[in-house]
Amino acid sequence: GAGLLSVRLDDVRRSLRLLPWAEAATVQRRWPRSLVVQVIEQQAVARWNDTDLVNSRGDRFASSPRFVPRELPQLAGPSGSAAEVVRRFLELQGGVVEAGLRLVALRLDARGAWELQLDNGVLVRIGRNQVDERCARFLTVALRMISQRAADIAYVDMRYSNGFAIGWRGGST
């Protein structure tokens with residue numbers, strides 16, 4: 001019911017940014033009698049703790065299970081760790097895709113230990129110490145073996161200072 005000149009553009013912009021799926025919004029007056037509204041939608045890279053979506057900066061949004069697509073990777077971590085988990089996910093994802101696999105889950109537990117799951121069912125334990133070195137070793141050495149023998153491997157334990165262990169599906173290590 002208000003005229004074009006009485007519309008408070010900052011209030012409209014603020015209201016639009018409160019939408020869970022909106023990353024940014026701009027509002028401008030267009031003479032003689034209209035408003036131009038542009039909303040940029042959030043781009044989800046993963047699910048976060050089964051209830052939210054998370055973008056590439058680690059910003060959580062869409063806190064409703066009906067907005068969470070099941071095909072997105074599952075990331076999880078303690079409160080306040082979303083940006084760190086997303087950063088690590090994006091670092092690992094490229095190398096995993098190059099090997100012909102997909103990273104479907106990455107978890108950071110409350111003690112700081114990392115664990116990831118590949119689309120072929122292989123679980124990879126990174127641990128909480130020397131995380132960068134272990135991730136690099138995973139990408140350069142262990143991932144090659146996983147892509148070649150995935151059907152035989154149940155898990156890979158990277159929590160060794162100079163190597164890793166493989167848990168075979170038959171039960172032997």
# chains A, B, ... in the order shown; residues from 1 in each chain; ligands from 1
$ residues_around --residues "A:Val85" --least-positions-apart "6" --cutoff "12 Å" --atoms "only C-alpha atoms" --output "NGL selection string"
:A and (45-49 or 54-60 or 73-79 or 91-93 or 105-109 or 112-116)
$ select_by_dssp --residues "chain A" --states "alpha helix (DSSP H)" --output "number ranges by chain"
A: 9-17, 82-98, 131-137, 143-149
$ write_last_selection --atoms "C-alpha atoms" --output "short mmCIF file (atom, residue, chain, number, x, y, z; two decimals), in the first residue's frame"
data_model
loop_
_atom_site.label_atom_id
_atom_site.label_comp_id
_atom_site.auth_asym_id
_atom_site.auth_seq_id
_atom_site.Cartn_x
_atom_site.Cartn_y
_atom_site.Cartn_z
CA LEU A 9 15.18 -0.43 0.37
CA ASP A 10 17.43 -1.50 3.26
CA ASP A 11 14.47 -3.10 5.05
CA VAL A 12 13.46 -5.03 1.94
CA ARG A 13 17.07 -6.14 1.36
CA ARG A 14 17.41 -7.25 5.01
CA SER A 15 14.15 -9.21 4.81
CA LEU A 16 15.29 -11.00 1.67
CA ARG A 17 18.63 -11.95 3.23
CA ALA A 82 31.67 -26.14 9.47
CA ALA A 83 34.14 -23.85 7.67
CA GLU A 84 37.09 -26.08 8.59
CA VAL A 85 35.28 -29.28 7.54
CA VAL A 86 34.16 -27.76 4.21
CA ARG A 87 37.71 -26.52 3.53
CA ARG A 88 39.12 -30.02 4.15
CA PHE A 89 36.35 -31.59 2.04
CA LEU A 90 37.11 -29.31 -0.92
CA GLU A 91 40.86 -30.05 -0.59
CA LEU A 92 40.26 -33.82 -0.69
CA GLN A 93 37.47 -33.89 -3.24
CA GLY A 94 39.59 -33.03 -6.29
CA GLY A 95 42.09 -35.83 -5.73
CA VAL A 96 39.36 -38.36 -4.99
CA VAL A 97 37.48 -37.47 -8.18
CA GLU A 98 40.70 -37.76 -10.22
CA VAL A 131 46.29 -34.35 9.37
CA ASP A 132 47.75 -32.50 6.38
CA GLU A 133 50.55 -35.05 5.92
CA ARG A 134 48.18 -38.00 6.28
CA CYS A 135 45.70 -36.52 3.81
CA ALA A 136 48.54 -35.97 1.32
CA ARG A 137 49.70 -39.59 1.81
CA LEU A 143 43.91 -43.75 -2.95
CA ARG A 144 45.62 -45.42 -5.91
CA MET A 145 45.43 -48.79 -4.13
CA ILE A 146 41.82 -48.19 -3.11
CA SER A 147 40.76 -47.44 -6.68
CA GLN A 148 42.47 -50.65 -7.90
CA ARG A 149 41.24 -53.04 -5.16
#
$ select_by_dssp --residues "stretch 102-164 of chain A" --states "strand (DSSP E)" --output "PyMOL selection string"
chain A and resi 103-108+114-118+123-127+153-157
$ atom_distance --atom1 "atom CA of A:Leu139" --atom2 "atom CA of A:Thr51"
29.4 Å
$ residues_around --residues "A:Thr26" --least-positions-apart "6" --cutoff "8 Å" --atoms "only C-alpha atoms" --output "NGL selection string"
:A and (13 or 36-39)
$ closest_residue --among "A:Ser6, A:Gln117, A:Gln130, A:Gln28" --to "A:Asn162" --atoms "only C-alpha atoms"
A:Gln130
$ residues_around --residues "A:Trp21" --least-positions-apart "2" --cutoff "6 Å" --atoms "only C-alpha atoms" --output "ChimeraX atom specification"
/A:19,41-42
$ atom_distance --atom1 "atom CA of A:Ala22" --atom2 "atom CA of A:Val7"
20.7 Å
$ atom_distance --atom1 "atom CA of A:Ala44" --atom2 "atom CA of A:Ala99"
23.3 Å
$ decode --residues "stretch 45-78 of chain A" --atoms "N, CA and C atoms" --output "PDB file, in the first residue's frame"
ATOM      1  N   VAL A  45      27.190 -27.269  -1.150  1.00  0.00           N
ATOM      2  CA  VAL A  45      28.211 -28.239  -1.544  1.00  0.00           C
ATOM      3  C   VAL A  45      28.021 -29.552  -0.808  1.00  0.00           C
ATOM      4  N   ALA A  46      27.298 -29.508   0.330  1.00  0.00           N
ATOM      5  CA  ALA A  46      27.129 -30.730   1.117  1.00  0.00           C
ATOM      6  C   ALA A  46      26.001 -30.555   2.122  1.00  0.00           C
ATOM      7  N   ARG A  47      25.613 -31.717   2.705  1.00  0.00           N
ATOM      8  CA  ARG A  47      24.697 -31.712   3.856  1.00  0.00           C
ATOM      9  C   ARG A  47      25.553 -31.538   5.104  1.00  0.00           C
ATOM     10  N   TRP A  48      24.981 -30.927   6.126  1.00  0.00           N
ATOM     11  CA  TRP A  48      25.710 -30.716   7.373  1.00  0.00           C
ATOM     12  C   TRP A  48      24.899 -31.303   8.528  1.00  0.00           C
ATOM     13  N   ASN A  49      25.471 -32.270   9.234  1.00  0.00           N
ATOM     14  CA  ASN A  49      24.859 -32.886  10.418  1.00  0.00           C
ATOM     15  C   ASN A  49      23.399 -33.286  10.213  1.00  0.00           C
ATOM     16  N   ASP A  50      23.040 -33.762   9.032  1.00  0.00           N
ATOM     17  CA  ASP A  50      21.712 -34.283   8.695  1.00  0.00           C
ATOM     18  C   ASP A  50      20.574 -33.274   8.710  1.00  0.00           C
ATOM     19  N   THR A  51      20.813 -32.028   9.061  1.00  0.00           N
ATOM     20  CA  THR A  51      19.704 -31.079   9.128  1.00  0.00           C
ATOM     21  C   THR A  51      19.891 -29.853   8.263  1.00  0.00           C
ATOM     22  N   ASP A  52      21.116 -29.506   7.939  1.00  0.00           N
ATOM     23  CA  ASP A  52      21.386 -28.266   7.225  1.00  0.00           C
ATOM     24  C   ASP A  52      22.097 -28.542   5.908  1.00  0.00           C
ATOM     25  N   LEU A  53      22.214 -27.490   5.143  1.00  0.00           N
ATOM     26  CA  LEU A  53      23.086 -27.476   3.977  1.00  0.00           C
ATOM     27  C   LEU A  53      24.238 -26.535   4.305  1.00  0.00           C
ATOM     28  N   VAL A  54      25.334 -26.704   3.586  1.00  0.00           N
ATOM     29  CA  VAL A  54      26.490 -25.842   3.823  1.00  0.00           C
ATOM     30  C   VAL A  54      27.055 -25.428   2.467  1.00  0.00           C
ATOM     31  N   ASN A  55      27.468 -24.161   2.359  1.00  0.00           N
ATOM     32  CA  ASN A  55      28.035 -23.677   1.100  1.00  0.00           C
ATOM     33  C   ASN A  55      29.562 -23.814   1.132  1.00  0.00           C
ATOM     34  N   SER A  56      30.229 -23.355   0.094  1.00  0.00           N
ATOM     35  CA  SER A  56      31.677 -23.554  -0.028  1.00  0.00           C
ATOM     36  C   SER A  56      32.485 -22.759   0.994  1.00  0.00           C
ATOM     37  N   ARG A  57      31.889 -21.793   1.667  1.00  0.00           N
ATOM     38  CA  ARG A  57      32.571 -21.044   2.728  1.00  0.00           C
ATOM     39  C   ARG A  57      32.313 -21.634   4.108  1.00  0.00           C
ATOM     40  N   GLY A  58      31.462 -22.655   4.172  1.00  0.00           N
ATOM     41  CA  GLY A  58      31.137 -23.254   5.454  1.00  0.00           C
ATOM     42  C   GLY A  58      29.963 -22.595   6.144  1.00  0.00           C
ATOM     43  N   ASP A  59      29.227 -21.757   5.433  1.00  0.00           N
ATOM     44  CA  ASP A  59      28.027 -21.131   5.996  1.00  0.00           C
ATOM     45  C   ASP A  59      26.888 -22.135   5.936  1.00  0.00           C
ATOM     46  N   ARG A  60      26.246 -22.352   7.070  1.00  0.00           N
ATOM     47  CA  ARG A  60      25.112 -23.278   7.137  1.00  0.00           C
ATOM     48  C   ARG A  60      23.824 -22.548   6.793  1.00  0.00           C
ATOM     49  N   PHE A  61      22.917 -23.267   6.123  1.00  0.00           N
ATOM     50  CA  PHE A  61      21.616 -22.689   5.790  1.00  0.00           C
ATOM     51  C   PHE A  61      20.595 -23.796   5.605  1.00  0.00           C
ATOM     52  N   ALA A  62      19.318 -23.428   5.437  1.00  0.00           N
ATOM     53  CA  ALA A  62      18.193 -24.352   5.199  1.00  0.00           C
ATOM     54  C   ALA A  62      18.076 -25.391   6.305  1.00  0.00           C
ATOM     55  N   SER A  63      17.738 -24.959   7.494  1.00  0.00           N
ATOM     56  CA  SER A  63      17.621 -25.854   8.646  1.00  0.00           C
ATOM     57  C   SER A  63      16.315 -26.625   8.667  1.00  0.00           C
ATOM     58  N   SER A  64      16.005 -27.279   7.578  1.00  0.00           N
ATOM     59  CA  SER A  64      14.814 -28.100   7.505  1.00  0.00           C
ATOM     60  C   SER A  64      15.141 -29.346   6.701  1.00  0.00           C
ATOM     61  N   PRO A  65      14.842 -30.545   7.235  1.00  0.00           N
ATOM     62  CA  PRO A  65      15.182 -31.780   6.523  1.00  0.00           C
ATOM     63  C   PRO A  65      14.571 -31.878   5.124  1.00  0.00           C
ATOM     64  N   ARG A  66      13.470 -31.206   4.879  1.00  0.00           N
ATOM     65  CA  ARG A  66      12.851 -31.311   3.555  1.00  0.00           C
ATOM     66  C   ARG A  66      13.646 -30.576   2.485  1.00  0.00           C
ATOM     67  N   PHE A  67      14.582 -29.689   2.874  1.00  0.00           N
ATOM     68  CA  PHE A  67      15.409 -28.962   1.917  1.00  0.00           C
ATOM     69  C   PHE A  67      16.761 -29.622   1.680  1.00  0.00           C
ATOM     70  N   VAL A  68      17.025 -30.758   2.295  1.00  0.00           N
ATOM     71  CA  VAL A  68      18.350 -31.375   2.247  1.00  0.00           C
ATOM     72  C   VAL A  68      18.366 -32.525   1.237  1.00  0.00           C
ATOM     73  N   PRO A  69      18.940 -32.310   0.045  1.00  0.00           N
ATOM     74  CA  PRO A  69      19.003 -33.384  -0.949  1.00  0.00           C
ATOM     75  C   PRO A  69      19.912 -34.518  -0.484  1.00  0.00           C
ATOM     76  N   ARG A  70      19.451 -35.738  -0.572  1.00  0.00           N
ATOM     77  CA  ARG A  70      20.204 -36.898  -0.086  1.00  0.00           C
ATOM     78  C   ARG A  70      21.444 -37.183  -0.931  1.00  0.00           C
ATOM     79  N   GLU A  71      21.491 -36.727  -2.182  1.00  0.00           N
ATOM     80  CA  GLU A  71      22.629 -37.034  -3.042  1.00  0.00           C
ATOM     81  C   GLU A  71      23.877 -36.207  -2.725  1.00  0.00           C
ATOM     82  N   LEU A  72      23.733 -35.158  -1.933  1.00  0.00           N
ATOM     83  CA  LEU A  72      24.897 -34.360  -1.558  1.00  0.00           C
ATOM     84  C   LEU A  72      25.754 -35.110  -0.538  1.00  0.00           C
ATOM     85  N   PRO A  73      27.069 -34.873  -0.537  1.00  0.00           N
ATOM     86  CA  PRO A  73      27.924 -35.498   0.470  1.00  0.00           C
ATOM     87  C   PRO A  73      27.501 -35.088   1.881  1.00  0.00           C
ATOM     88  N   GLN A  74      27.785 -35.944   2.853  1.00  0.00           N
ATOM     89  CA  GLN A  74      27.430 -35.695   4.247  1.00  0.00           C
ATOM     90  C   GLN A  74      28.675 -35.233   5.007  1.00  0.00           C
ATOM     91  N   LEU A  75      28.639 -34.014   5.508  1.00  0.00           N
ATOM     92  CA  LEU A  75      29.714 -33.491   6.348  1.00  0.00           C
ATOM     93  C   LEU A  75      29.190 -33.365   7.766  1.00  0.00           C
ATOM     94  N   ALA A  76      30.074 -33.550   8.728  1.00  0.00           N
ATOM     95  CA  ALA A  76      29.660 -33.455  10.131  1.00  0.00           C
ATOM     96  C   ALA A  76      30.833 -33.003  10.972  1.00  0.00           C
ATOM     97  N   GLY A  77      30.503 -32.320  12.055  1.00  0.00           N
ATOM     98  CA  GLY A  77      31.528 -31.865  12.981  1.00  0.00           C
ATOM     99  C   GLY A  77      30.901 -31.140  14.139  1.00  0.00           C
ATOM    100  N   PRO A  78      31.723 -30.831  15.132  1.00  0.00           N
ATOM    101  CA  PRO A  78      31.217 -30.097  16.297  1.00  0.00           C
ATOM    102  C   PRO A  78      30.766 -28.687  15.921  1.00  0.00           C
TER     103      PRO A  78
END
